[in-house]
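Novice: The following block contains the structure, expressed as structure tokens.
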Amino acid sequence: MNSQDTPANRTISTHKKARIADRTATGVLYGTAGFFLLLLAAITIYILVKGAIAYKPSMLSWGRDGIATEFFNTIYLVFLSLIFSVPIGVAAGIYMAEYAREGRLTQFLRMSIETLSSLPSIVVGLFGYLVFIVMTGSKWNLLAGSLAVSILNLPLITTTTEDALRSVPKSYREGGLGIGATHWETIRTVILPCAFPRIITGVILAAGRSFGEAAALLYTSGMNSDVNIHNWNIMSRSCILNPLRPADTLAVHIWALKTEGTQAGADQIADFSAAVLIIMVFLFSLGARFLSRVLERRMNGTESKRGK
Amino acid sequence: MSVKHMVKREYSGRAVVTVLGIFIILLTLTITCFLLIKGSATFVSHSHNIFEFLFSSNWKPDEMEGKGYVGAVIFIVGSILISLFALVIATPFSVASAIFMTEISKKLGRSLLQPAIELFVGIPSVIYGWVGLTVLVPFIARVFNLSYGYGVLAGSIVLAVMIFPTITSVTADAIRNVSPAYKEASYGLGSTRWQLISRVILPAAVPGILTGVILGLARAFGEALAVAMVIGKTQAFPKSIFSPTTNLTAEIATNMGNTVTGSEYNDALWSMALLLLIISFVFIFLIRIVGRKRTVK
């Protein structure tokens, strides 16, 4: 058939092919995106269901079968780590955004932050082990663990602070300086309050990430804890508030139960711990998202600028 | 408030933030120096050859104090293999998801995929390991009819899921940064959406995608516990993707606590940690090179 081979027909057939390819690709892309949403949903549901099945009332106790101690340790350790990393990170972020001049020092600082944020957490754990445990001659303790974790969340807090300060409109700064305030006063009374929502979001995000940290803690805060909940003498090693006692967090607990767990029902306790941990992490992650929206809306008045 | 007071505050405020900025530099330098000192002890005080560490597979650092062997090549190969394999699995999915978020459905991307990716990033690595251990490992054993599902494949899949969000979000950023003029020109010439994506947007976004891939690789390489839980921790070269092996991070995580500080075994583990640090420096360097190319363009 000669009529099929005219140039016009050829153009039509390539055009057709292109359209078929376009539809197929669109389908595949929808499929991939759907697949990942399903995967996340499946993982989450699996963890929650498995945790619910494994649940026994004794798991809420402070004893050997319970994870109340681990739950407390996780929050306490992350809280302590933020006490160290927030002031340093925010200050360094202020320096980067406000005072740093482009030069060798700033470049070096930028590279340091980049290095810190890409360090494998096990390497930070080893460093913490060496400096806070071996060199101070102490045993595993919660404080050492929190210091190691603070090294890990320091870069995130620094960069979010810097970004937050940089996104404050220039006119605010000019306004502050224009009425005769010093640079520092402008930062303290105008720029920081403006950037506050973003900074707090970054801190919450950092906290959420730190809950699940385990590799940095294995050799700093240790893999078990021995707490007497009725002992409130903070100098005593079994007092729960003593930061110088060994303390395993939920994440470390899961690792220990799954790799060297010899106690009866270790698998069930690990299942339940995983469910509790994922709920904590998700709450903080969603909380940060929600809070940043609310605060941003309030800061911007009624018109909330989305996008970007 | 007196002017003098204000000036004083200005300088003290500035001094405090500068000192804390410098503190971060010092912290990084301290970590690097300590790892250099501890990691080089294998070669300095135990007088092993660097080539033995990098290329020999004879790993018996606890044989007899001072007479052990520290060939770490099995661990190095294990680390490289599972990270690369994870990358091969994750990259196509990541790029596809990034295209979907930016070009196919921005609305679904922003309302569903973006939050999902943020949640994915936050899932702790032990939880990935735990899911791998309880779901993936038995699954692989059943499907491929093996006695154990531990091994390279299980490790790579777990890592692939872990690095997926990293590569996706960096790639999505890269695609968003492609100049709209390119798009308009392409549509103006009558191209379909897929032609636009495959022939214009993706090539233009390559440096950004590469950055994402390197970041993913760095994360995969340094990941410890999730991998350690599913890789099987067997000291042998893998014969196939199903065979168990081990890697650098798994070895450090499992054995650091069983060794005495300053012993040959302990120092060999520190050398591994130093190697991890050096490799993460290499990744940063690579990202800088790729980034420079991007800005030149």
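Chain labels follow the order of the structure tokens: the first chain is A, the next B, and so on; residue numbering restarts at 1 in every chain, and ligands are counted from 1 in their shown order.
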Please produce, as CSV, a per-residue contact table for chain A versus chain B (criterion: any atom at most 7 Å away, only C-alpha atoms considered), showing the nearest atom pair and its distance in Å to one decimal, sorted by chain then residue number.
Specialist:
```
residue,atom,partner,partner_atom,distance
A:Ala18,CA,B:Thr192,CA,6.9
A:Arg19,CA,B:Thr192,CA,6.7
A:Asp22,CA,B:Trp194,CA,4.8
A:Ala25,CA,B:Trp194,CA,6.6
A:Leu29,CA,B:Ala96,CA,5.8
A:Tyr30,CA,B:Phe100,CA,6.9
A:Thr32,CA,B:Ser97,CA,6.3
A:Ala33,CA,B:Ser97,CA,5.3
A:Leu37,CA,B:Ala116,CA,6.8
A:Ile88,CA,B:Leu20,CA,5.8
A:Ala91,CA,B:Val17,CA,4.7
A:Ala92,CA,B:Gly21,CA,4.3
A:Ile94,CA,B:Val17,CA,6.7
A:Tyr95,CA,B:Val17,CA,5.4
A:Leu109,CA,B:Ile25,CA,5.6
A:Ser112,CA,B:Ile25,CA,5.5
A:Leu116,CA,B:Thr28,CA,6.6
A:Ser118,CA,B:Ser280,CA,6.7
A:Leu119,CA,B:Ser280,CA,6.6
A:Pro120,CA,B:Gly222,CA,4.5
A:Ile122,CA,B:Ala224,CA,6.7
A:Val123,CA,B:Ala273,CA,6.0
A:Phe127,CA,B:Ile31,CA,6.5
A:Thr182,CA,B:Glu10,CA,6.6
A:His183,CA,B:Glu10,CA,6.8
A:Trp184,CA,B:Glu10,CA,5.1
A:Arg209,CA,B:Gly122,CA,5.6
A:Gly212,CA,B:Pro124,CA,4.5
A:Glu213,CA,B:Pro124,CA,6.6
A:Ala215,CA,B:Leu225,CA,6.4
A:Tyr219,CA,B:Gly257,CA,7.0
A:Ala251,CA,B:Val126,CA,6.2
A:Trp255,CA,B:Val126,CA,6.4
A:Ala274,CA,B:Ile127,CA,6.4
A:Ile278,CA,B:Ile123,CA,6.9
A:Val281,CA,B:Gly122,CA,6.7
A:Phe282,CA,B:Leu119,CA,6.6
A:Ser285,CA,B:Leu119,CA,6.7
```
Novice: Output as JSON, numbers by chain all residues of region 58-290 of chain B that backbone DSSP marks as alpha helix (DSSP H).
Specialist: {"B": [73, 74, 75, 76, 77, 78, 79, 80, 81, 82, 83, 84, 85, 86, 87, 88, 89, 90, 91, 92, 93, 94, 95, 96, 97, 98, 99, 106, 107, 108, 114, 115, 116, 117, 118, 119, 120, 121, 122, 125, 126, 127, 128, 129, 130, 131, 137, 138, 139, 140, 141, 142, 143, 152, 153, 154, 155, 156, 157, 158, 159, 160, 161, 162, 163, 164, 165, 166, 167, 168, 169, 170, 171, 172, 173, 174, 175, 176, 180, 181, 182, 183, 184, 185, 186, 187, 188, 193, 194, 195, 196, 202, 203, 204, 205, 206, 207, 208, 209, 210, 211, 212, 213, 214, 215, 216, 217, 218, 219, 220, 221, 222, 225, 226, 227, 228, 229, 230, 248, 249, 250, 251, 252, 253, 254, 255, 264, 265, 266, 267, 268, 269, 270, 271, 272, 273, 274, 275, 276, 277, 278, 279, 280, 281, 282, 283, 284, 285, 286, 287, 288, 289, 290]}
Novice: Calculate how many Å separate CA of Val230 (chain B) from CA of Ile47 (chain A), rounding to one decimal.
Specialist: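 These two atoms are separated by 17.3 Å.
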Novice: Which one is closest to Ala216 (chain A): A:Gly175, A:Gly89, A:Gly51, A:Gly128? Count only C-alpha atoms.
Specialist: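 Smallest distance to Ala216 (chain A) is found for A:Gly128.
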Novice: For region 235-241 of chain B, find every residue with an atom within 8 Å (counting only C-alpha atoms), except residues of its own chain fewer than 3 positions away, and show them as a PyMOL selection string.
Specialist: chain B and resi 74-75+77-78+151-153+244-246
Novice: Which residue out of A:Ser58, A:Phe72, A:Thr189, A:Val49 has the minimum interatomic distance to Phe211 (chain A) when only C-alpha atoms are used?
Specialist: A:Phe72
Novice: Quick check, in Å to one decimal: how far apart do CA of Ile287 (chain B) and CA of Leu54 (chain B) lie?
Specialist: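 Computed distance, CA of Ile287 (chain B) to CA of Leu54 (chain B), equals 24.6 Å.
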